[in-house]
>>> print(open('my_file11.cif').read())   # mmCIF, C-alpha atoms
data_entry
loop_
_atom_site.label_atom_id
_atom_site.label_comp_id
_atom_site.auth_asym_id
_atom_site.auth_seq_id
_atom_site.Cartn_x
_atom_site.Cartn_y
_atom_site.Cartn_z
CA MET A 1253 109.84 76.19 157.67
CA SER A 1254 113.59 76.54 157.20
CA SER A 1255 115.42 79.86 157.21
CA GLU A 1256 116.62 79.15 153.66
CA ARG A 1257 113.01 79.13 152.44
CA LEU A 1258 112.25 82.36 154.34
CA ALA A 1259 115.25 84.22 152.89
CA PRO A 1260 114.49 85.99 149.61
CA ARG A 1261 116.27 84.76 146.53
CA ALA A 1262 119.16 86.90 145.18
CA PRO A 1263 117.31 88.06 142.00
CA ASP A 1264 114.27 89.09 144.06
CA ARG A 1265 116.48 90.91 146.55
CA TRP A 1266 118.22 92.85 143.79
CA ARG A 1267 114.92 93.62 142.09
CA SER A 1268 113.41 94.91 145.33
CA ALA A 1269 116.50 97.01 146.06
CA ALA A 1270 116.49 98.47 142.54
CA VAL A 1271 112.79 99.38 142.71
CA GLU A 1272 113.25 101.02 146.12
CA ALA A 1273 116.33 102.89 144.92
CA ALA A 1274 114.56 104.07 141.76
CA THR A 1275 111.57 105.29 143.80
CA LEU A 1276 113.82 107.27 146.15
CA ALA A 1277 115.80 108.63 143.18
CA VAL A 1278 112.70 109.86 141.33
CA GLU A 1279 111.40 111.51 144.51
CA SER A 1280 114.74 113.24 145.03
CA ILE A 1281 114.82 114.55 141.45
CA ARG A 1282 111.21 115.73 141.70
CA SER A 1283 111.92 117.65 144.90
CA GLN A 1284 114.91 119.42 143.31
CA THR A 1285 113.59 120.10 139.80
CA ALA A 1286 115.43 123.36 139.11
CA ARG A 1287 118.75 121.99 140.24
CA SER A 1288 118.25 118.82 138.21
CA VAL A 1289 117.43 120.80 135.05
CA LEU A 1290 120.56 122.91 135.40
CA ALA A 1291 122.62 119.74 135.87
CA ILE A 1292 121.52 118.14 132.61
CA ILE A 1293 121.74 121.17 130.29
CA GLY A 1294 125.24 120.19 129.17
CA LEU A 1295 124.06 116.66 128.39
CA VAL A 1296 121.09 117.96 126.41
CA ILE A 1297 123.28 120.24 124.28
CA GLY A 1298 125.76 117.45 123.58
CA ILE A 1299 123.08 114.92 122.64
CA VAL A 1300 121.23 117.38 120.38
CA THR A 1301 124.48 118.18 118.57
CA VAL A 1302 125.50 114.56 118.04
CA VAL A 1303 122.05 113.32 117.01
CA LEU A 1304 121.36 116.19 114.59
CA VAL A 1305 124.76 116.05 112.91
CA SER A 1306 124.74 112.26 112.63
CA SER A 1307 121.21 112.23 111.20
CA THR A 1308 122.09 114.95 108.70
CA LEU A 1309 125.25 113.14 107.60
CA VAL A 1310 123.42 109.80 107.25
CA GLY A 1311 120.58 111.32 105.24
CA LEU A 1312 122.95 113.35 103.11
CA ARG A 1313 125.13 110.33 102.48
CA ASP A 1314 122.13 108.27 101.31
CA SER A 1315 121.00 111.08 98.99
CA VAL A 1316 124.48 111.55 97.54
CA ALA A 1317 124.85 107.80 97.06
CA GLN A 1318 121.55 107.68 95.19
CA LEU A 1319 122.53 110.73 93.15
CA PHE A 1320 125.72 109.16 91.78
CA ARG A 1321 124.25 105.69 91.41
CA GLU A 1322 121.61 107.27 89.16
CA LEU A 1323 124.45 108.06 86.77
CA GLY A 1324 125.22 104.34 86.46
CA THR A 1325 126.95 101.91 88.79
CA ASP A 1326 128.84 100.40 85.84
CA ASN A 1327 130.03 103.79 84.62
CA ILE A 1328 133.46 105.37 84.83
CA PHE A 1329 133.55 109.17 84.79
CA ALA A 1330 136.50 110.79 83.03
CA PHE A 1331 137.35 114.47 83.43
CA HIS A 1332 140.57 116.36 82.86
CA ARG A 1333 140.79 117.63 86.46
CA GLU A 1334 139.89 116.70 90.02
CA GLY A 1335 136.66 117.62 91.78
CA ASP A 1336 133.24 118.74 90.62
CA PRO A 1337 133.25 119.91 86.98
CA TYR A 1338 131.09 122.90 87.98
CA THR A 1339 133.51 124.17 90.64
CA PRO A 1340 136.48 126.45 89.85
CA ALA A 1341 139.67 124.64 88.96
CA SER A 1342 142.81 124.83 91.04
CA ASP A 1343 145.88 126.48 89.52
CA ALA A 1344 147.42 123.07 88.77
CA ASP A 1345 144.22 121.65 87.24
CA ALA A 1346 143.66 124.78 85.14
CA GLU A 1347 146.81 124.00 83.18
CA ARG A 1348 145.61 120.54 82.17
CA LYS A 1349 144.45 119.87 78.63
CA THR A 1350 140.72 119.20 78.44
CA LEU A 1351 139.19 115.96 77.19
CA THR A 1352 137.42 115.94 73.82
CA PRO A 1353 134.64 113.98 72.08
CA ALA A 1354 137.41 112.42 69.97
CA ASP A 1355 138.82 110.87 73.16
CA ALA A 1356 135.45 109.27 73.79
CA SER A 1357 135.38 107.84 70.27
CA ALA A 1358 138.84 106.36 70.76
CA ILE A 1359 137.81 104.68 74.02
CA ALA A 1360 134.68 103.22 72.42
CA ARG A 1361 136.72 101.91 69.49
CA LEU A 1362 139.74 100.51 71.33
CA ALA A 1363 138.51 99.25 74.72
CA PRO A 1364 137.07 95.68 74.48
CA SER A 1365 135.50 95.84 77.96
CA VAL A 1366 133.58 99.03 77.20
CA ARG A 1367 129.96 98.78 76.18
CA ASP A 1368 129.33 102.42 75.24
CA VAL A 1369 130.71 105.92 75.78
CA GLY A 1370 128.65 109.06 76.32
CA VAL A 1371 129.83 112.65 76.10
CA GLN A 1372 128.69 115.69 78.07
CA LEU A 1373 129.84 119.22 77.15
CA LEU A 1374 129.44 121.80 79.92
CA VAL A 1375 128.48 125.23 78.62
CA PRO A 1376 129.29 128.29 80.79
CA ALA A 1377 126.10 129.69 82.33
CA ALA A 1378 127.11 133.25 81.45
CA THR A 1379 128.69 134.97 78.48
CA SER A 1380 131.12 137.84 78.78
CA THR A 1381 128.23 140.30 79.03
CA ARG A 1382 125.26 138.56 80.71
CA ALA A 1383 123.84 135.36 82.12
CA ILE A 1384 122.11 133.00 79.70
CA THR A 1385 118.39 132.73 80.40
CA ALA A 1386 115.61 130.46 79.13
CA ARG A 1387 112.21 131.95 78.25
CA ALA A 1388 108.88 130.51 77.17
CA GLY A 1389 105.97 132.92 76.82
CA GLY A 1390 105.87 135.01 79.98
CA ASN A 1391 107.98 132.57 81.98
CA GLU A 1392 111.71 132.98 82.39
CA SER A 1393 114.48 131.17 84.28
CA ASP A 1394 118.08 132.13 84.84
CA ALA A 1395 118.78 129.02 86.96
CA VAL A 1396 119.55 127.08 83.83
CA LEU A 1397 122.54 124.82 83.15
CA ILE A 1398 123.31 124.21 79.49
CA GLU A 1399 124.96 120.99 78.42
CA GLY A 1400 125.69 119.37 75.12
CA ALA A 1401 124.86 115.66 75.12
CA SER A 1402 125.75 112.89 72.71
CA PRO A 1403 122.70 110.96 71.44
CA ASN A 1404 123.59 107.93 73.58
CA PHE A 1405 124.22 109.99 76.74
CA PHE A 1406 120.77 109.40 78.24
CA ASP A 1407 121.04 105.65 77.69
CA VAL A 1408 124.56 105.47 79.13
CA THR A 1409 123.45 107.33 82.29
CA ASP A 1410 120.08 105.51 82.55
CA SER A 1411 118.22 108.82 82.54
CA PRO A 1412 114.44 108.26 82.96
CA PHE A 1413 112.11 110.31 80.75
CA ASP A 1414 108.86 111.81 81.98
CA ALA A 1415 107.76 112.66 78.45
CA GLY A 1416 109.12 112.64 74.92
CA ARG A 1417 112.38 111.04 73.81
CA PRO A 1418 116.17 111.49 73.73
CA ILE A 1419 118.13 113.32 71.06
CA THR A 1420 118.61 111.32 67.85
CA ASP A 1421 121.77 110.73 65.84
CA THR A 1422 120.31 112.70 62.93
CA GLU A 1423 119.48 115.70 65.14
CA ASN A 1424 123.01 115.68 66.48
CA ARG A 1425 124.59 115.30 63.05
CA VAL A 1426 122.72 118.28 61.57
CA ALA A 1427 123.06 120.35 64.79
CA ALA A 1428 119.29 120.63 65.14
CA GLN A 1429 117.73 123.25 67.42
CA VAL A 1430 116.17 120.73 69.79
CA ALA A 1431 116.50 120.19 73.54
CA VAL A 1432 115.76 117.82 76.40
CA LEU A 1433 114.69 119.63 79.58
CA GLY A 1434 115.31 118.76 83.21
CA ALA A 1435 112.24 118.50 85.43
CA ASN A 1436 112.69 121.85 87.19
CA ILE A 1437 113.32 123.83 84.01
CA ALA A 1438 110.33 122.23 82.28
CA LYS A 1439 108.08 123.23 85.19
CA ALA A 1440 109.52 126.75 85.39
CA LEU A 1441 109.00 127.41 81.67
CA PHE A 1442 105.77 125.56 80.93
CA GLY A 1443 104.08 124.98 84.29
CA PRO A 1444 101.55 122.14 84.17
CA ASP A 1445 101.48 122.07 80.35
CA ASP A 1446 103.22 119.36 78.34
CA PRO A 1447 106.45 120.93 77.02
CA VAL A 1448 107.08 118.31 74.32
CA GLY A 1449 106.66 119.87 70.88
CA GLN A 1450 106.69 123.42 72.23
CA THR A 1451 109.38 126.03 71.70
CA PHE A 1452 111.40 128.21 74.04
CA LEU A 1453 114.19 130.74 73.76
CA LEU A 1454 117.65 130.02 75.13
CA GLY A 1455 120.11 132.89 74.89
CA GLY A 1456 118.00 134.38 72.12
CA ASP A 1457 117.86 131.18 70.02
CA LYS A 1458 114.68 129.16 69.49
CA TYR A 1459 114.67 125.45 70.41
CA TYR A 1460 112.03 122.71 70.19
CA VAL A 1461 111.48 120.48 73.20
CA VAL A 1462 111.73 116.80 72.26
CA GLY A 1463 111.88 115.31 75.76
CA VAL A 1464 111.51 116.00 79.47
CA LEU A 1465 113.47 114.07 82.10
CA ALA A 1466 111.78 112.70 85.20
CA PRO A 1467 112.73 114.34 88.53
CA ARG A 1468 115.91 112.83 89.94
CA GLN A 1469 115.67 111.06 93.29
CA GLY A 1470 119.22 111.60 94.49
CA THR A 1471 119.96 115.06 95.91
CA PHE A 1472 122.76 117.08 97.47
CA PHE A 1473 121.35 119.28 100.24
CA GLY A 1474 117.91 118.88 98.71
CA GLU A 1475 118.95 119.76 95.15
CA ASN A 1476 119.80 117.73 92.07
CA ARG A 1477 121.63 119.76 89.49
CA ASN A 1478 120.40 117.56 86.64
CA ASP A 1479 116.83 118.82 87.18
CA ASN A 1480 117.99 122.29 86.03
CA VAL A 1481 119.76 121.16 82.87
CA VAL A 1482 118.85 122.00 79.28
CA SER A 1483 120.50 119.33 77.12
CA LEU A 1484 121.26 120.25 73.52
CA PRO A 1485 122.68 117.94 70.85
CA LEU A 1486 126.45 117.81 71.30
CA GLU A 1487 127.11 119.20 67.82
CA THR A 1488 124.57 122.00 68.37
CA ALA A 1489 126.22 123.04 71.64
CA THR A 1490 129.69 122.86 70.06
CA ARG A 1491 128.72 125.17 67.18
CA ARG A 1492 126.59 127.56 69.26
CA TYR A 1493 129.08 127.86 72.12
CA PRO A 1494 132.56 127.42 70.61
CA ASP A 1495 134.26 128.53 73.84
CA ALA A 1496 132.77 125.61 75.78
CA ASP A 1497 135.50 123.02 76.29
CA GLN A 1498 134.70 121.30 79.61
CA THR A 1499 134.02 117.74 78.47
CA VAL A 1500 133.01 114.88 80.75
CA ILE A 1501 133.20 111.36 79.34
CA TYR A 1502 130.92 108.60 80.68
CA VAL A 1503 132.37 105.16 80.01
CA ARG A 1504 129.84 102.36 80.40
CA ALA A 1505 131.51 99.03 81.09
CA LYS A 1506 130.20 95.67 80.05
CA THR A 1507 128.51 93.76 82.87
CA GLY A 1508 131.06 92.64 85.46
CA LEU A 1509 134.01 94.24 83.66
CA ARG A 1510 134.10 97.71 85.20
CA GLU A 1511 137.61 97.46 86.65
CA MET A 1512 138.96 96.10 83.38
CA ALA A 1513 137.20 98.88 81.49
CA ARG A 1514 138.72 101.40 83.88
CA THR A 1515 142.21 100.06 83.22
CA GLU A 1516 141.67 100.12 79.45
CA THR A 1517 140.25 103.66 79.60
CA GLU A 1518 143.22 104.86 81.63
CA THR A 1519 145.69 103.27 79.22
CA ILE A 1520 144.01 104.76 76.15
CA LEU A 1521 143.80 108.27 77.64
CA ARG A 1522 147.44 108.17 78.73
CA LEU A 1523 148.46 107.21 75.19
CA ILE A 1524 146.27 109.89 73.59
CA ARG A 1525 147.49 112.57 76.00
CA GLN A 1526 151.11 111.33 75.72
CA VAL A 1527 151.61 110.95 79.45
CA PRO A 1528 155.18 109.67 80.07
CA ALA A 1529 155.63 106.25 81.64
CA GLY A 1530 155.75 106.51 85.42
CA ALA A 1531 154.23 110.01 85.43
CA PRO A 1532 150.88 110.56 87.20
CA ASN A 1533 147.71 110.89 85.14
CA ASP A 1534 146.83 114.39 83.96
CA PHE A 1535 143.15 113.45 84.10
CA ASN A 1536 140.80 111.96 86.67
CA LEU A 1537 138.86 108.69 86.54
CA SER A 1538 136.21 107.93 89.13
CA THR A 1539 133.22 105.69 89.75
CA ALA A 1540 130.06 106.10 91.81
CA ASP A 1541 131.54 103.86 94.51
CA GLN A 1542 134.70 105.94 94.72
CA ILE A 1543 132.80 109.21 95.00
CA ILE A 1544 130.56 107.76 97.71
CA ALA A 1545 133.60 106.41 99.59
CA GLN A 1546 135.25 109.84 99.40
CA PHE A 1547 132.09 111.43 100.79
CA ASP A 1548 132.09 108.83 103.58
CA ARG A 1549 135.65 109.80 104.52
CA ILE A 1550 134.75 113.48 104.66
CA GLY A 1551 131.57 112.68 106.59
CA LEU A 1552 133.52 110.61 109.10
CA GLN A 1553 135.92 113.48 109.71
CA ILE A 1554 133.01 115.86 110.27
CA PHE A 1555 131.33 113.36 112.58
CA LEU A 1556 134.50 112.81 114.64
CA ALA A 1557 134.97 116.58 114.98
CA THR A 1558 131.35 116.85 116.11
CA ILE A 1559 131.85 114.05 118.63
CA ALA A 1560 134.88 115.89 120.03
CA LEU A 1561 132.86 119.10 120.43
CA ALA A 1562 129.87 117.26 121.87
CA ALA A 1563 132.15 115.41 124.30
CA VAL A 1564 132.91 118.75 125.94
CA SER A 1565 129.19 119.27 126.59
CA LEU A 1566 128.85 115.69 127.85
CA VAL A 1567 131.77 116.16 130.25
CA ILE A 1568 130.22 119.40 131.49
CA GLY A 1569 126.95 117.52 131.94
CA GLY A 1570 128.73 114.75 133.83
CA ILE A 1571 130.37 117.29 136.13
CA GLY A 1572 126.99 118.93 136.69
CA ILE A 1573 125.43 115.63 137.65
CA ALA A 1574 128.38 114.85 139.95
CA ASN A 1575 127.91 118.22 141.68
CA VAL A 1576 124.19 117.61 142.12
CA MET A 1577 124.85 114.18 143.58
CA VAL A 1578 127.48 115.54 145.99
CA ILE A 1579 124.98 118.12 147.21
CA SER A 1580 122.28 115.45 147.42
CA VAL A 1581 124.52 113.18 149.50
CA THR A 1582 125.42 116.07 151.80
CA GLU A 1583 121.79 117.13 152.30
CA ARG A 1584 120.63 113.57 152.96
CA THR A 1585 123.45 112.47 155.24
CA ARG A 1586 121.09 111.89 158.18
CA GLU A 1587 118.68 109.94 155.91
CA ILE A 1588 121.57 107.76 154.72
CA GLY A 1589 122.71 107.18 158.29
CA LEU A 1590 119.17 106.20 159.29
CA ARG A 1591 118.87 103.73 156.42
CA LEU A 1592 122.20 102.15 157.30
CA ALA A 1593 121.27 102.01 161.00
CA ILE A 1594 118.02 100.10 160.35
CA GLY A 1595 119.71 97.49 158.18
CA ALA A 1596 120.16 98.86 154.65
CA ARG A 1597 123.25 97.45 153.02
CA ARG A 1598 125.96 99.79 151.78
CA GLN A 1599 125.55 98.44 148.26
CA ASP A 1600 121.85 99.39 148.43
CA VAL A 1601 122.78 102.97 149.29
CA ARG A 1602 125.35 103.04 146.49
CA LEU A 1603 122.80 101.61 144.06
CA GLN A 1604 120.26 104.26 145.06
CA PHE A 1605 122.53 107.14 144.14
CA LEU A 1606 123.82 105.46 140.99
CA ILE A 1607 120.23 104.94 139.84
CA GLU A 1608 119.44 108.55 140.69
CA SER A 1609 122.33 109.83 138.59
CA GLY A 1610 121.41 107.40 135.79
CA ILE A 1611 117.78 108.55 135.77
CA LEU A 1612 118.87 112.18 135.79
CA ALA A 1613 121.21 111.56 132.84
CA GLY A 1614 118.58 109.47 131.04
CA ILE A 1615 116.13 112.36 131.28
CA GLY A 1616 118.80 114.60 129.79
CA GLY A 1617 119.46 112.12 126.99
CA LEU A 1618 115.77 111.67 126.18
CA THR A 1619 115.25 115.43 126.25
CA GLY A 1620 118.14 115.91 123.84
CA VAL A 1621 116.77 113.26 121.48
CA VAL A 1622 113.27 114.78 121.58
CA ILE A 1623 114.66 118.24 120.82
CA ALA A 1624 116.75 116.80 117.98
CA LEU A 1625 113.66 115.04 116.58
CA ALA A 1626 111.66 118.28 116.78
CA LEU A 1627 114.39 120.29 115.05
CA GLY A 1628 114.76 117.60 112.40
CA ALA A 1629 111.02 117.51 111.76
CA LEU A 1630 110.96 121.31 111.55
CA ALA A 1631 113.81 121.34 109.04
CA SER A 1632 112.11 118.64 106.96
CA ALA A 1633 108.84 120.58 107.01
CA PHE A 1634 110.47 123.67 105.50
CA THR A 1635 112.80 121.74 103.18
CA PRO A 1636 111.21 118.32 102.49
CA ALA A 1637 114.21 117.11 100.46
CA PHE A 1638 116.67 117.95 103.24
CA PRO A 1639 117.49 114.86 105.33
CA ALA A 1640 117.36 115.70 109.05
CA LEU A 1641 115.32 113.03 110.85
CA PRO A 1642 117.58 111.00 113.18
CA PRO A 1643 118.05 107.28 112.53
CA ALA A 1644 117.15 104.91 115.37
CA TRP A 1645 120.78 104.10 116.16
CA ALA A 1646 121.59 107.79 116.70
CA ALA A 1647 118.70 108.25 119.14
CA ILE A 1648 119.55 105.07 121.08
CA SER A 1649 123.26 105.94 121.14
CA GLY A 1650 122.45 109.45 122.39
CA VAL A 1651 120.42 108.20 125.34
CA ALA A 1652 122.91 105.42 126.13
CA SER A 1653 125.90 107.78 126.11
CA ALA A 1654 124.05 110.22 128.36
CA VAL A 1655 123.27 107.47 130.89
CA ILE A 1656 126.87 106.24 130.84
CA VAL A 1657 128.17 109.77 131.44
CA GLY A 1658 125.62 110.30 134.22
CA VAL A 1659 126.44 107.05 136.01
CA ALA A 1660 130.16 107.77 135.69
CA GLY A 1661 129.64 111.26 137.13
CA GLY A 1662 127.55 109.91 139.99
CA TYR A 1663 129.80 107.02 140.97
CA ILE A 1664 132.12 108.88 143.36
CA PRO A 1665 129.25 110.61 145.25
CA ALA A 1666 127.40 107.25 145.41
CA ARG A 1667 130.49 105.51 146.75
CA ARG A 1668 130.97 108.26 149.31
CA ALA A 1669 127.37 107.88 150.45
CA SER A 1670 127.71 104.12 150.88
CA GLN A 1671 130.83 104.52 153.03
CA LEU A 1672 129.31 106.91 155.58
CA ASP A 1673 129.48 105.85 159.22
CA PRO A 1674 125.89 105.46 160.45
CA VAL A 1675 126.61 106.94 163.88
CA GLU A 1676 128.42 109.98 162.47
CA ALA A 1677 125.75 110.41 159.79
CA LEU A 1678 122.94 110.48 162.38
CA ARG A 1679 124.82 113.21 164.28
CA TYR A 1680 125.23 115.32 161.11
CA GLU A 1681 123.50 118.72 161.20
#
>>> encode(input="my_file11.cif", output="structure tokens")
Amino acid sequence: MSSERLAPRAPDRWRSAAVEAATLAVESIRSQTARSVLAIIGLVIGIVTVVLVSSTLVGLRDSVAQLFRELGTDNIFAFHREGDPYTPASDADAERKTLTPADASAIARLAPSVRDVGVQLLVPAATSTRAITARAGGNESDAVLIEGASPNFFDVTDSPFDAGRPITDTENRVAAQVAVLGANIAKALFGPDDPVGQTFLLGGDKYYVVGVLAPRQGTFFGENRNDNVVSLPLETATRRYPDADQTVIYVRAKTGLREMARTETETILRLIRQVPAGAPNDFNLSTADQIIAQFDRIGLQIFLATIALAAVSLVIGGIGIANVMVISVTERTREIGLRLAIGARRQDVRLQFLIESGILAGIGGLTGVVIALALGALASAFTPAFPALPPAWAAISGVASAVIVGVAGGYIPARRASQLDPVEALRYE
């Protein structure tokens, strides 16, 4: 039989060397458990941080995207200032003139690409003396948001009803004392009973419930503000709360014409508000896609900052693994010399220590992912609507980055081990 047939093939030789190296690496880690644990703590902290933050941002992004898409993907939102209508205005925005229902009528009349225009009037949740509360029987809620809504508002925003119906044109025209309740308010005031047809008190005034909205699916940190809204006819809210002037206009474009509708809406509002040519708008137009893209930009900045912080922990973990491998090489100098003396190749010795550092880092990465999964599951158990379970890519990336850091940290000690002189190594005490 020829020597070529007796010699093992290259893949088999590498496989055998890898298995032997992995066995020796696992035995080394097992014999030095405490030292190995201390070496990977930095990796674990870094992986937990990255995986938890990334999973939270991904889940939050999906919830926010669903929240704004519920308001209509073909809709354009017009407001007189930047930012969330419920947040305090900046000094510059506070000086801007508010939008009005008349502006909405003008857009609906003059913009050919617009299908319909809805109006939402935001009523302050507190008067000058006290917060406005809603009460039905013995139940009371002060977590109520009052809004005036045009009769077509629920159609424009595709708002699903759990029971009852929207506000009618007649009810709005005569300023009827009727209301549509959000899911949370309906449950708080009436419990399991059907609220439709029943009455409740809002700020001391009696209203009849004509409809109840279904719970919204999109959330922001587990909450959807629309579930806490009491919607009154626009004319009713205008008469009852004359100081309310925060008006949001929902422009629903015809199918496929959203950008054209946006341009027409902008032109009409600039003309109505007498904005000089070349001057910036003194109002804000946005779409669901724009709001989601803005959230993505903020989320990316947060994620990059988290990566930078986690990188410090990963570097510390890599240094820890490098220190452990240096100590391991020093303690096993005679063993390395013996292996080299009986025929082990230098690349086999190098592979052994690289595999050892990789396994050590992999354990750290897996531990970090498991801890992140446990913390995410715990957070979801206490707050089911809060997104904290890591996506698969975050878990895989966490383990992969840990292994890469570990192998990088172990390379120099592994190279040092492979370059030892067998004679000198056997003499080492």
>>> resolve_selection(input="my_file11.cif", expression="the PyMOL selection byres ((chain A and resi 1507-1515) around 6)", output="ChimeraX atom specification")
/A:1326,1365-1366,1505-1506,1516-1518
>>> residues_around(input="my_file11.cif", residues="stretch 1395-1406 of chain A", least_positions_apart="6", cutoff="8 Å", atoms="all atoms listed in the file", output="number ranges by chain")
A: 1369-1377, 1384-1386, 1412, 1418-1421, 1424, 1437, 1480-1490, 1502
>>> resolve_selection(input="my_file11.cif", expression="the PyMOL selection byres ((chain A and resi 1572) around 9)", output="PyMOL selection string")
chain A and resi 1288+1290-1294+1567-1571+1573-1577+1661
>>> closest_residue(input="my_file11.cif", among="A:Thr1619, A:Thr1558, A:Asn1436, A:Ser1357", to="A:Gly1650", atoms="all atoms listed in the file")
A:Thr1619
>>> closest_residue(input="my_file11.cif", among="A:Arg1333, A:Arg1287, A:Arg1602, A:Arg1549", to="A:Val1500", atoms="all atoms listed in the file")
A:Arg1333
>>> atom_distance(input="my_file11.cif", atom1="atom CA of A:Ile1656", atom2="atom CA of A:Thr1275")
20.1 Å
>>> resolve_selection(input="my_file11.cif", expression="the PyMOL selection byres ((chain A and resi 1388) around 10)", output="PyMOL selection string")
chain A and resi 1386-1387+1389-1393+1438+1440-1442+1447+1450-1454+1458
>>> write_last_selection(input="my_file11.cif", atoms="C-alpha atoms", output="mmCIF file, in the coordinates of the input")
data_model
loop_
_atom_site.group_PDB
_atom_site.id
_atom_site.type_symbol
_atom_site.label_atom_id
_atom_site.label_comp_id
_atom_site.auth_asym_id
_atom_site.auth_seq_id
_atom_site.Cartn_x
_atom_site.Cartn_y
_atom_site.Cartn_z
ATOM 1 C CA ALA A 1386 115.610 130.460 79.130
ATOM 2 C CA ARG A 1387 112.210 131.950 78.250
ATOM 3 C CA GLY A 1389 105.970 132.920 76.820
ATOM 4 C CA GLY A 1390 105.870 135.010 79.980
ATOM 5 C CA ASN A 1391 107.980 132.570 81.980
ATOM 6 C CA GLU A 1392 111.710 132.980 82.390
ATOM 7 C CA SER A 1393 114.480 131.170 84.280
ATOM 8 C CA ALA A 1438 110.330 122.230 82.280
ATOM 9 C CA ALA A 1440 109.520 126.750 85.390
ATOM 10 C CA LEU A 1441 109.000 127.410 81.670
ATOM 11 C CA PHE A 1442 105.770 125.560 80.930
ATOM 12 C CA PRO A 1447 106.450 120.930 77.020
ATOM 13 C CA GLN A 1450 106.690 123.420 72.230
ATOM 14 C CA THR A 1451 109.380 126.030 71.700
ATOM 15 C CA PHE A 1452 111.400 128.210 74.040
ATOM 16 C CA LEU A 1453 114.190 130.740 73.760
ATOM 17 C CA LEU A 1454 117.650 130.020 75.130
ATOM 18 C CA LYS A 1458 114.680 129.160 69.490
#
>>> residues_around(input="my_file11.cif", residues="A:Ile1559", least_positions_apart="3", cutoff="9 Å", atoms="all atoms listed in the file", output="ChimeraX atom specification")
/A:1298,1301-1302,1554-1556,1562-1564
>>> closest_residue(input="my_file11.cif", among="A:Ser1580, A:Ser1649, A:Ser1632, A:Thr1519", to="A:Pro1665", atoms="only C-alpha atoms")
A:Ser1580
>>> atom_distance(input="my_file11.cif", atom1="atom CA of A:Ala1666", atom2="atom CA of A:Ala1593")
17.6 Å
>>> closest_residue(input="my_file11.cif", among="A:Ala1646, A:Ala1383, A:Gly1628, A:Phe1605", to="A:Tyr1663", atoms="only C-alpha atoms")
A:Phe1605
>>> closest_residue(input="my_file11.cif", among="A:Arg1504, A:Arg1591, A:Arg1668, A:Arg1361", to="A:Asp1407", atoms="all atoms listed in the file")
A:Arg1504
>>> closest_residue(input="my_file11.cif", among="A:Leu1627, A:Ile1520, A:Ala1633, A:Ala1654", to="A:Ser1307", atoms="only C-alpha atoms")
A:Leu1627
>>> atom_distance(input="my_file11.cif", atom1="atom CA of A:Leu1566", atom2="atom CA of A:Ile1648")
15.7 Å
>>> residues_around(input="my_file11.cif", residues="A:Glu1347", least_positions_apart="6", cutoff="12 Å", atoms="all atoms listed in the file", output="number ranges by chain")
A: 1332-1333, 1341, 1534-1535
>>> axis_aligned_box(input="my_file11.cif", around="stretch 1399-1416 of chain A", padding_each_side="4 Å", output="JSON")
{"center_x": 116.8, "center_y": 113.2, "center_z": 77.2, "size_x": 26.0, "size_y": 23.5, "size_z": 19.5}
